[in-house]
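Student: Provided herewith: structure.json, JSON, C-alpha atoms.
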[["chain", "number", "residue", "atom", "x", "y", "z"],
["A", 1163, "MET", "CA", 5.25, 22.57, -7.46],
["A", 1164, "SER", "CA", 5.37, 22.02, -3.73],
["A", 1165, "THR", "CA", 7.68, 19.29, -2.59],
["A", 1166, "SER", "CA", 7.57, 17.21, 0.55],
["A", 1167, "PRO", "CA", 10.26, 17.70, 3.25],
["A", 1168, "LEU", "CA", 11.91, 14.37, 2.47],
["A", 1169, "SER", "CA", 15.38, 15.62, 3.33],
["A", 1170, "ALA", "CA", 14.32, 16.70, 6.82],
["A", 1171, "PRO", "CA", 13.58, 14.36, 9.73],
["A", 1172, "VAL", "CA", 10.15, 12.82, 9.21],
["A", 1173, "PRO", "CA", 7.88, 10.87, 11.52],
["A", 1174, "GLY", "CA", 9.24, 7.39, 12.02],
["A", 1175, "GLN", "CA", 12.90, 8.41, 12.05],
["A", 1176, "ARG", "CA", 14.59, 7.96, 15.38],
["A", 1177, "VAL", "CA", 16.01, 11.14, 16.83],
["A", 1178, "SER", "CA", 17.76, 10.49, 20.12],
["A", 1179, "SER", "CA", 16.42, 13.61, 21.84],
["A", 1180, "LEU", "CA", 12.80, 12.87, 20.95],
["A", 1181, "PRO", "CA", 10.45, 10.43, 22.66],
["A", 1182, "ARG", "CA", 9.07, 7.51, 20.70],
["A", 1183, "PRO", "CA", 5.61, 7.90, 19.18],
["A", 1184, "TYR", "CA", 2.93, 6.34, 21.35],
["A", 1185, "TRP", "CA", 2.70, 3.05, 19.44],
["A", 1186, "SER", "CA", 6.45, 2.33, 19.38],
["A", 1187, "GLY", "CA", 6.72, 3.34, 23.03],
["A", 1188, "ARG", "CA", 4.34, 0.46, 23.75],
["A", 1189, "ALA", "CA", 5.53, -2.20, 21.27],
["A", 1190, "ASP", "CA", 9.13, -3.21, 20.61],
["A", 1191, "GLU", "CA", 10.92, -3.94, 17.33],
["A", 1192, "GLN", "CA", 9.94, -7.63, 17.51],
["A", 1193, "GLY", "CA", 6.24, -6.81, 17.70],
["A", 1194, "GLN", "CA", 5.89, -7.60, 21.41],
["A", 1195, "TRP", "CA", 4.62, -5.41, 24.21],
["A", 1196, "ARG", "CA", 7.34, -3.56, 26.06],
["A", 1197, "THR", "CA", 7.46, -4.02, 29.80],
["A", 1198, "ARG", "CA", 8.29, -1.73, 32.72],
["A", 1199, "ALA", "CA", 9.07, -3.15, 36.15],
["A", 1200, "GLY", "CA", 7.74, -6.47, 34.93],
["A", 1201, "GLU", "CA", 4.40, -5.00, 33.82],
["A", 1202, "SER", "CA", 3.18, -5.06, 30.23],
["A", 1203, "LEU", "CA", 2.85, -1.68, 28.52],
["A", 1204, "ARG", "CA", -0.16, -2.80, 26.52],
["A", 1205, "PRO", "CA", -2.27, 0.37, 26.06],
["A", 1206, "PRO", "CA", -5.13, 0.73, 28.53],
["A", 1207, "GLY", "CA", -8.61, 1.15, 27.12],
["A", 1208, "GLU", "CA", -8.75, 4.77, 28.31],
["A", 1209, "ASP", "CA", -5.74, 5.65, 26.17],
["A", 1210, "LEU", "CA", -7.19, 4.02, 23.08],
["A", 1211, "SER", "CA", -10.53, 5.72, 23.64],
["A", 1212, "ALA", "CA", -8.77, 9.09, 23.87],
["A", 1213, "LEU", "CA", -6.85, 8.39, 20.65],
["A", 1214, "ARG", "CA", -10.02, 7.45, 18.80],
["A", 1215, "ALA", "CA", -11.56, 10.74, 19.88],
["A", 1216, "GLY", "CA", -9.21, 12.35, 17.36],
["A", 1217, "LEU", "CA", -10.78, 10.63, 14.35],
["A", 1218, "GLY", "CA", -11.97, 13.21, 11.83],
["A", 1219, "LYS", "CA", -10.48, 16.10, 13.82],
["A", 1220, "LYS", "CA", -7.42, 18.29, 13.40],
["A", 1221, "ALA", "CA", -4.39, 18.26, 15.68],
["A", 1222, "PHE", "CA", -4.83, 20.00, 19.05],
["A", 1223, "THR", "CA", -8.61, 20.37, 18.69],
["A", 1224, "GLU", "CA", -9.23, 17.38, 20.98],
["A", 1225, "PRO", "CA", -7.76, 17.99, 24.47],
["A", 1226, "ARG", "CA", -7.77, 14.29, 25.31],
["A", 1227, "LEU", "CA", -4.96, 13.77, 22.77],
["A", 1228, "TRP", "CA", -2.64, 16.55, 23.89],
["A", 1229, "GLN", "CA", -0.56, 14.36, 26.19],
["A", 1230, "TYR", "CA", 0.13, 11.82, 23.43],
["A", 1231, "TYR", "CA", 1.81, 14.09, 20.86],
["A", 1232, "THR", "CA", 5.59, 13.73, 20.57],
["A", 1233, "THR", "CA", 6.25, 15.93, 17.53],
["A", 1234, "PRO", "CA", 8.09, 19.13, 18.55],
["A", 1235, "THR", "CA", 6.20, 22.39, 18.08],
["A", 1236, "ASP", "CA", 6.98, 26.07, 18.59],
["A", 1237, "GLY", "CA", 3.32, 26.79, 19.20],
["A", 1238, "ARG", "CA", 2.18, 26.26, 15.64],
["A", 1239, "VAL", "CA", 0.36, 23.24, 14.24],
["A", 1240, "THR", "CA", 2.66, 21.82, 11.58],
["A", 1241, "LEU", "CA", 2.04, 19.22, 8.91],
["A", 1242, "GLU", "CA", 4.14, 16.83, 11.00],
["A", 1243, "LEU", "CA", 1.77, 17.31, 13.94],
["A", 1244, "GLU", "CA", -1.25, 16.73, 11.71],
["A", 1245, "ALA", "CA", 0.34, 13.50, 10.46],
["A", 1246, "GLU", "CA", 1.04, 12.30, 14.00],
["A", 1247, "HIS", "CA", -2.50, 13.20, 15.05],
["A", 1248, "ALA", "CA", -4.05, 11.20, 12.20],
["A", 1249, "ALA", "CA", -1.77, 8.23, 12.89],
["A", 1250, "LEU", "CA", -2.58, 8.29, 16.62],
["A", 1251, "ALA", "CA", -6.32, 8.28, 15.92],
["A", 1252, "LEU", "CA", -6.02, 5.42, 13.43],
["A", 1253, "TYR", "CA", -3.83, 3.47, 15.84],
["A", 1254, "GLY", "CA", -6.44, 3.88, 18.58],
["A", 1255, "LEU", "CA", -9.01, 2.43, 16.19],
["A", 1256, "HIS", "CA", -6.71, -0.40, 15.08],
["A", 1257, "GLN", "CA", -5.53, -1.46, 18.54],
["A", 1258, "GLN", "CA", -9.02, -1.49, 20.10],
["A", 1259, "SER", "CA", -9.78, -4.89, 21.71],
["A", 1260, "GLN", "CA", -6.60, -6.46, 20.27],
["A", 1261, "GLU", "CA", -4.37, -8.63, 22.46],
["A", 1262, "GLN", "CA", -1.27, -8.27, 20.26],
["A", 1263, "PRO", "CA", 0.37, -5.03, 19.10],
["A", 1264, "MET", "CA", -1.10, -3.65, 15.88],
["A", 1265, "HIS", "CA", 2.11, -1.67, 15.32],
["A", 1266, "ARG", "CA", 4.72, -3.93, 13.75],
["A", 1267, "GLN", "CA", 7.94, -2.40, 12.51],
["A", 1268, "GLY", "CA", 8.69, -3.19, 8.88],
["A", 1269, "VAL", "CA", 5.15, -4.24, 7.86],
["A", 1270, "ARG", "CA", 4.41, -1.83, 5.03],
["A", 1271, "THR", "CA", 0.83, -0.70, 4.58],
["A", 1272, "GLY", "CA", 0.40, -2.08, 1.06],
["A", 1273, "ARG", "CA", 1.59, -5.52, 2.16],
["A", 1274, "ALA", "CA", -0.67, -5.43, 5.25],
["A", 1275, "LEU", "CA", -3.70, -4.54, 3.12],
["A", 1276, "ARG", "CA", -3.06, -7.53, 0.87],
["A", 1277, "ALA", "CA", -3.82, -9.75, 3.88],
["A", 1278, "LEU", "CA", -7.46, -8.56, 3.73],
["A", 1279, "HIS", "CA", -7.96, -11.06, 0.92],
["A", 1280, "GLN", "CA", -8.05, -13.71, 3.67],
["A", 1281, "ARG", "CA", -11.55, -12.53, 4.65],
["A", 1282, "TYR", "CA", -12.80, -10.01, 2.11],
["A", 1283, "SER", "CA", -13.18, -10.34, -1.64],
["A", 1284, "GLU", "CA", -10.31, -9.09, -3.77],
["A", 1285, "GLU", "CA", -12.69, -6.92, -5.77],
["A", 1286, "ALA", "CA", -14.07, -5.15, -2.70],
["A", 1287, "THR", "CA", -10.62, -4.73, -1.16],
["A", 1288, "ASP", "CA", -9.15, -3.44, -4.41],
["A", 1289, "ARG", "CA", -11.93, -0.87, -4.58],
["A", 1290, "ARG", "CA", -11.35, 0.37, -1.02],
["A", 1291, "VAL", "CA", -7.59, 0.58, -1.50],
["A", 1292, "ALA", "CA", -8.03, 2.45, -4.81],
["A", 1293, "GLN", "CA", -10.41, 4.89, -3.14],
["A", 1294, "ALA", "CA", -7.88, 5.57, -0.38],
["A", 1295, "VAL", "CA", -4.92, 6.21, -2.67],
["A", 1296, "GLY", "CA", -7.15, 8.21, -5.01],
["A", 1297, "ALA", "CA", -7.62, 10.89, -2.33],
["A", 1298, "THR", "CA", -6.18, 14.26, -3.29],
["A", 1299, "SER", "CA", -6.12, 15.75, 0.22],
["A", 1300, "ALA", "CA", -4.52, 14.49, 3.42],
["A", 1301, "ALA", "CA", -7.85, 14.80, 5.26],
["A", 1302, "ALA", "CA", -9.64, 12.62, 2.69],
["A", 1303, "PHE", "CA", -6.76, 10.14, 2.73],
["A", 1304, "ALA", "CA", -6.95, 9.77, 6.53],
["A", 1305, "TYR", "CA", -10.74, 9.48, 6.40],
["A", 1306, "ARG", "CA", -10.67, 6.70, 3.80],
["A", 1307, "LEU", "CA", -8.05, 4.83, 5.79],
["A", 1308, "ARG", "CA", -10.51, 4.36, 8.63],
["A", 1309, "ALA", "CA", -12.49, 1.66, 6.84],
["A", 1310, "LEU", "CA", -9.31, -0.18, 5.85],
["A", 1311, "VAL", "CA", -7.88, -0.01, 9.37],
["A", 1312, "THR", "CA", -11.16, -1.35, 10.76],
["A", 1313, "GLN", "CA", -10.88, -4.31, 8.40],
["A", 1314, "LEU", "CA", -7.23, -4.88, 9.35],
["A", 1315, "ARG", "CA", -8.32, -4.97, 13.00],
["A", 1316, "SER", "CA", -10.95, -7.60, 12.14],
["A", 1317, "ILE", "CA", -8.23, -10.03, 11.00],
["A", 1318, "GLY", "CA", -5.62, -8.98, 13.59],
["A", 1319, "GLN", "CA", -3.23, -7.70, 10.90],
["A", 1320, "PRO", "CA", -0.64, -5.17, 12.17],
["A", 1321, "LEU", "CA", 1.20, -2.53, 10.17],
["A", 1322, "ASP", "CA", 4.10, -0.15, 10.68],
["A", 1323, "TYR", "CA", 2.66, 3.05, 12.18],
["A", 1324, "ASP", "CA", 5.98, 4.87, 11.89],
["A", 1325, "GLN", "CA", 5.74, 4.34, 8.14],
["A", 1326, "LEU", "CA", 2.04, 5.21, 8.05],
["A", 1327, "MET", "CA", 2.74, 8.50, 9.82],
["A", 1328, "GLN", "CA", 5.39, 9.28, 7.22],
["A", 1329, "ASP", "CA", 2.90, 8.44, 4.45],
["A", 1330, "LEU", "CA", 0.31, 10.75, 6.02],
["A", 1331, "LEU", "CA", 2.87, 13.55, 6.06],
["A", 1332, "ARG", "CA", 3.91, 12.98, 2.46],
["A", 1333, "TRP", "CA", 0.30, 12.98, 1.31],
["A", 1334, "HIS", "CA", 0.25, 16.78, 1.67],
["A", 1335, "PHE", "CA", 2.53, 17.06, -1.38],
["A", 1336, "PRO", "CA", 2.05, 15.95, -5.01],
["A", 1337, "ASP", "CA", 5.41, 14.19, -5.24],
["A", 1338, "GLY", "CA", 4.81, 12.62, -1.83],
["A", 1339, "ARG", "CA", 1.47, 11.20, -2.94],
["A", 1340, "TYR", "CA", 3.18, 9.74, -6.00],
["A", 1341, "ARG", "CA", 5.81, 8.02, -3.83],
["A", 1342, "VAL", "CA", 3.27, 6.64, -1.36],
["A", 1343, "ARG", "CA", 0.96, 5.35, -4.10],
["A", 1344, "ARG", "CA", 3.86, 3.62, -5.79],
["A", 1345, "GLY", "CA", 5.04, 2.01, -2.55],
["A", 1346, "TRP", "CA", 1.56, 0.85, -1.62],
["A", 1347, "GLY", "CA", 0.98, -0.54, -5.11],
["A", 1348, "LEU", "CA", 4.20, -2.54, -5.05],
["A", 1349, "GLY", "CA", 3.34, -3.98, -1.64],
["A", 1350, "TYR", "CA", -0.30, -4.66, -2.38],
["A", 1351, "HIS", "CA", 0.06, -6.21, -5.83],
["A", 1352, "GLY", "CA", 3.52, -7.73, -5.41],
["A", 1353, "ARG", "CA", 4.35, -11.33, -4.66],
["A", 1354, "ASP", "CA", 7.17, -13.08, -2.86],
["A", 1355, "ARG", "CA", 10.02, -14.27, -5.07],
["A", 1356, "GLN", "CA", 10.78, -17.97, -4.77],
["A", 1357, "PRO", "CA", 14.30, -18.98, -3.63],
["A", 1358, "ASP", "CA", 15.29, -20.23, -7.10],
["A", 1359, "GLU", "CA", 13.73, -17.31, -8.97],
["A", 1360, "ALA", "CA", 15.98, -14.70, -10.58],
["A", 1361, "PRO", "CA", 15.59, -11.10, -9.32],
["A", 1362, "PRO", "CA", 13.75, -8.67, -11.62],
["A", 1363, "LEU", "CA", 15.73, -6.51, -14.04],
["A", 1364, "GLU", "CA", 16.36, -2.95, -12.89],
["A", 1365, "GLY", "CA", 13.49, -0.73, -13.96],
["A", 1366, "SER", "CA", 11.06, -3.59, -14.58]]
Would you mind writing the structure in this file as structure tokens?

Tutor:
Amino acid sequence: MSTSPLSAPVPGQRVSSLPRPYWSGRADEQGQWRTRAGESLRPPGEDLSALRAGLGKKAFTEPRLWQYYTTPTDGRVTLELEAEHAALALYGLHQQSQEQPMHRQGVRTGRALRALHQRYSEEATDRRVAQAVGATSAAAFAYRLRALVTQLRSIGQPLDYDQLMQDLLRWHFPDGRYRVRRGWGLGYHGRDRQPDEAPPLEGS
């Protein structure tokens, strides 16, 4: 069985010699726009339009995206590059017309999707989430995420794009899909523990 490269650096990990992915180069760890010389680094519309041009396409097939890749390459398109490409395209869709950053460090995807219950029925949201995590290919997974990201944009709900890029990478591998599904399920169906509530038993 193929295994995912979980022991190697994966998208979202900080490596000092590498530039930040586009979204975290624009938004800081507190979920605010970075600034340069007093000017906000909120993405211009042209950037977001270029990122959205990658929706449904493979890495390096859309020239408008070439300048935004940060994953190292020796001239080959790797799974890491494909994951970054898919995340960039989804981020361009998510950030469109939003005043606040839609990348927020630490906001796991499952937890972010639970916020859709504010506007959409639980039944419909459950069905869309189940369809996404039921995908057996990375391409289908990324495609099904588009509808969910569009809904997250409609309520101004951010998520952690470093983590999403890692999830997109892991989706190429059976054990990776298992890990991502489990993490999403815990975030989506979980609930906050009250201050006086005992922690769950290990393994429960």

Student: Using all atoms listed in the file, can you list as a PyMOL selection string the residues within 12 Å of (-14.0, 2.4, -2.3)?

Tutor: chain A and resi 1285-1297+1303+1305-1310

Student: Counting all atoms listed in the file, what is within 8 Å of Val1269 in chain A, bar same-chain residues fewer than 6 positions away, as a PyMOL selection string?

Tutor: chain A and resi 1320-1322

Student: At what distance in Å, to one decimal, does CA of Thr1197 in chain A lie from CA of Thr1235 in chain A?

Tutor: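 We find that CA of Thr1235 in chain A and CA of Thr1197 in chain A lie 28.9 Å from each other.
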
Student: With distances taken over only C-alpha atoms, which residue among A:Glu1284, A:Glu1261, A:Glu1246, A:Asp1190 lies nearest Asp1329 in chain A?

Tutor: A:Glu1246

Student: Which is closer to Ala1301 in chain A than all the others in A:Val1342, A:Leu1250, A:Leu1330, A:Ala1199, using only C-alpha atoms?

Tutor: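 Answer, going by the shortest atom-to-atom distance: A:Leu1330.
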
Student: I'd like the contact shell of Leu1241 in chain A - 12 Å cut-off, only C-alpha atoms, skipping same-chain residues fewer than 2 positions apart - returned as a list in words.

Tutor: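 Residues meeting the cut-off are Ser1166, Pro1167, Val1172, Pro1173, Lys1220, Ala1221, Thr1233, Pro1234, Thr1235, Arg1238, Val1239, Leu1243, Glu1244, Ala1245, Glu1246, His1247, Ala1248, Ala1300, Ala1301, Met1327, Gln1328, Asp1329, Leu1330, Leu1331, Arg1332, Trp1333, His1334 and Phe1335 of chain A.
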
Student: Take range 1219-1244 of chain A, bring it up to N, CA, C and O atoms, and give me the output as a PDB file, in the frame of the given file.

Tutor:
ATOM      1  N   LYS A1219     -10.775  14.776  13.269  1.00  0.00           N
ATOM      2  CA  LYS A1219     -10.480  16.100  13.820  1.00  0.00           C
ATOM      3  C   LYS A1219      -9.050  16.511  13.469  1.00  0.00           C
ATOM      4  O   LYS A1219      -8.228  15.690  13.067  1.00  0.00           O
ATOM      5  N   LYS A1220      -8.760  17.776  13.645  1.00  0.00           N
ATOM      6  CA  LYS A1220      -7.420  18.290  13.400  1.00  0.00           C
ATOM      7  C   LYS A1220      -6.605  18.261  14.686  1.00  0.00           C
ATOM      8  O   LYS A1220      -7.156  18.205  15.792  1.00  0.00           O
ATOM      9  N   ALA A1221      -5.290  18.310  14.529  1.00  0.00           N
ATOM     10  CA  ALA A1221      -4.390  18.260  15.680  1.00  0.00           C
ATOM     11  C   ALA A1221      -4.684  19.397  16.659  1.00  0.00           C
ATOM     12  O   ALA A1221      -4.947  20.528  16.258  1.00  0.00           O
ATOM     13  N   PHE A1222      -4.652  19.070  17.931  1.00  0.00           N
ATOM     14  CA  PHE A1222      -4.830  20.000  19.050  1.00  0.00           C
ATOM     15  C   PHE A1222      -6.244  20.556  19.173  1.00  0.00           C
ATOM     16  O   PHE A1222      -6.468  21.503  19.923  1.00  0.00           O
ATOM     17  N   THR A1223      -7.217  19.968  18.479  1.00  0.00           N
ATOM     18  CA  THR A1223      -8.610  20.370  18.690  1.00  0.00           C
ATOM     19  C   THR A1223      -9.321  19.438  19.653  1.00  0.00           C
ATOM     20  O   THR A1223     -10.445  19.726  20.074  1.00  0.00           O
ATOM     21  N   GLU A1224      -8.671  18.327  20.017  1.00  0.00           N
ATOM     22  CA  GLU A1224      -9.230  17.380  20.980  1.00  0.00           C
ATOM     23  C   GLU A1224      -8.298  17.297  22.178  1.00  0.00           C
ATOM     24  O   GLU A1224      -7.228  16.700  22.115  1.00  0.00           O
ATOM     25  N   PRO A1225      -8.658  17.942  23.310  1.00  0.00           N
ATOM     26  CA  PRO A1225      -7.760  17.990  24.470  1.00  0.00           C
ATOM     27  C   PRO A1225      -7.321  16.634  24.990  1.00  0.00           C
ATOM     28  O   PRO A1225      -6.230  16.509  25.559  1.00  0.00           O
ATOM     29  N   ARG A1226      -8.123  15.613  24.791  1.00  0.00           N
ATOM     30  CA  ARG A1226      -7.770  14.290  25.310  1.00  0.00           C
ATOM     31  C   ARG A1226      -6.496  13.736  24.638  1.00  0.00           C
ATOM     32  O   ARG A1226      -5.855  12.844  25.181  1.00  0.00           O
ATOM     33  N   LEU A1227      -6.132  14.270  23.486  1.00  0.00           N
ATOM     34  CA  LEU A1227      -4.960  13.770  22.770  1.00  0.00           C
ATOM     35  C   LEU A1227      -3.682  14.548  23.093  1.00  0.00           C
ATOM     36  O   LEU A1227      -2.596  14.101  22.734  1.00  0.00           O
ATOM     37  N   TRP A1228      -3.805  15.689  23.733  1.00  0.00           N
ATOM     38  CA  TRP A1228      -2.640  16.550  23.890  1.00  0.00           C
ATOM     39  C   TRP A1228      -1.444  15.839  24.500  1.00  0.00           C
ATOM     40  O   TRP A1228      -0.302  16.035  24.071  1.00  0.00           O
ATOM     41  N   GLN A1229      -1.675  15.000  25.474  1.00  0.00           N
ATOM     42  CA  GLN A1229      -0.560  14.360  26.190  1.00  0.00           C
ATOM     43  C   GLN A1229       0.156  13.301  25.341  1.00  0.00           C
ATOM     44  O   GLN A1229       1.244  12.850  25.709  1.00  0.00           O
ATOM     45  N   TYR A1230      -0.444  12.909  24.215  1.00  0.00           N
ATOM     46  CA  TYR A1230       0.130  11.820  23.430  1.00  0.00           C
ATOM     47  C   TYR A1230       1.011  12.303  22.265  1.00  0.00           C
ATOM     48  O   TYR A1230       1.712  11.503  21.658  1.00  0.00           O
ATOM     49  N   TYR A1231       0.982  13.600  21.959  1.00  0.00           N
ATOM     50  CA  TYR A1231       1.810  14.090  20.860  1.00  0.00           C
ATOM     51  C   TYR A1231       3.289  14.089  21.257  1.00  0.00           C
ATOM     52  O   TYR A1231       3.639  14.455  22.382  1.00  0.00           O
ATOM     53  N   THR A1232       4.141  13.696  20.327  1.00  0.00           N
ATOM     54  CA  THR A1232       5.590  13.730  20.570  1.00  0.00           C
ATOM     55  C   THR A1232       6.321  14.614  19.569  1.00  0.00           C
ATOM     56  O   THR A1232       7.505  14.886  19.742  1.00  0.00           O
ATOM     57  N   THR A1233       5.633  15.070  18.528  1.00  0.00           N
ATOM     58  CA  THR A1233       6.250  15.930  17.530  1.00  0.00           C
ATOM     59  C   THR A1233       6.536  17.304  18.124  1.00  0.00           C
ATOM     60  O   THR A1233       5.645  17.917  18.715  1.00  0.00           O
ATOM     61  N   PRO A1234       7.773  17.804  17.995  1.00  0.00           N
ATOM     62  CA  PRO A1234       8.090  19.130  18.550  1.00  0.00           C
ATOM     63  C   PRO A1234       7.260  20.231  17.876  1.00  0.00           C
ATOM     64  O   PRO A1234       6.921  20.133  16.690  1.00  0.00           O
ATOM     65  N   THR A1235       6.922  21.255  18.638  1.00  0.00           N
ATOM     66  CA  THR A1235       6.200  22.390  18.080  1.00  0.00           C
ATOM     67  C   THR A1235       6.636  23.672  18.770  1.00  0.00           C
ATOM     68  O   THR A1235       6.967  23.660  19.969  1.00  0.00           O
ATOM     69  N   ASP A1236       6.659  24.766  18.022  1.00  0.00           N
ATOM     70  CA  ASP A1236       6.980  26.070  18.590  1.00  0.00           C
ATOM     71  C   ASP A1236       5.712  26.860  18.872  1.00  0.00           C
ATOM     72  O   ASP A1236       5.739  28.082  19.007  1.00  0.00           O
ATOM     73  N   GLY A1237       4.602  26.138  18.960  1.00  0.00           N
ATOM     74  CA  GLY A1237       3.320  26.790  19.200  1.00  0.00           C
ATOM     75  C   GLY A1237       2.431  26.823  17.971  1.00  0.00           C
ATOM     76  O   GLY A1237       1.284  27.262  18.051  1.00  0.00           O
ATOM     77  N   ARG A1238       2.975  26.332  16.858  1.00  0.00           N
ATOM     78  CA  ARG A1238       2.180  26.260  15.640  1.00  0.00           C
ATOM     79  C   ARG A1238       1.852  24.798  15.333  1.00  0.00           C
ATOM     80  O   ARG A1238       2.603  23.903  15.679  1.00  0.00           O
ATOM     81  N   VAL A1239       0.719  24.583  14.678  1.00  0.00           N
ATOM     82  CA  VAL A1239       0.360  23.240  14.240  1.00  0.00           C
ATOM     83  C   VAL A1239       0.984  23.006  12.876  1.00  0.00           C
ATOM     84  O   VAL A1239       0.623  23.656  11.894  1.00  0.00           O
ATOM     85  N   THR A1240       1.935  22.110  12.820  1.00  0.00           N
ATOM     86  CA  THR A1240       2.660  21.820  11.580  1.00  0.00           C
ATOM     87  C   THR A1240       2.056  20.620  10.869  1.00  0.00           C
ATOM     88  O   THR A1240       1.226  19.884  11.429  1.00  0.00           O
ATOM     89  N   LEU A1241       2.490  20.392   9.651  1.00  0.00           N
ATOM     90  CA  LEU A1241       2.040  19.220   8.910  1.00  0.00           C
ATOM     91  C   LEU A1241       2.487  17.936   9.614  1.00  0.00           C
ATOM     92  O   LEU A1241       1.789  16.916   9.582  1.00  0.00           O
ATOM     93  N   GLU A1242       3.662  17.990  10.247  1.00  0.00           N
ATOM     94  CA  GLU A1242       4.140  16.830  11.000  1.00  0.00           C
ATOM     95  C   GLU A1242       3.208  16.502  12.155  1.00  0.00           C
ATOM     96  O   GLU A1242       2.920  15.330  12.424  1.00  0.00           O
ATOM     97  N   LEU A1243       2.719  17.528  12.837  1.00  0.00           N
ATOM     98  CA  LEU A1243       1.770  17.310  13.940  1.00  0.00           C
ATOM     99  C   LEU A1243       0.454  16.739  13.420  1.00  0.00           C
ATOM    100  O   LEU A1243      -0.134  15.850  14.045  1.00  0.00           O
ATOM    101  N   GLU A1244      -0.007  17.252  12.283  1.00  0.00           N
ATOM    102  CA  GLU A1244      -1.250  16.730  11.710  1.00  0.00           C
ATOM    103  C   GLU A1244      -1.084  15.254  11.337  1.00  0.00           C
ATOM    104  O   GLU A1244      -2.003  14.448  11.539  1.00  0.00           O
TER     105      GLU A1244
END
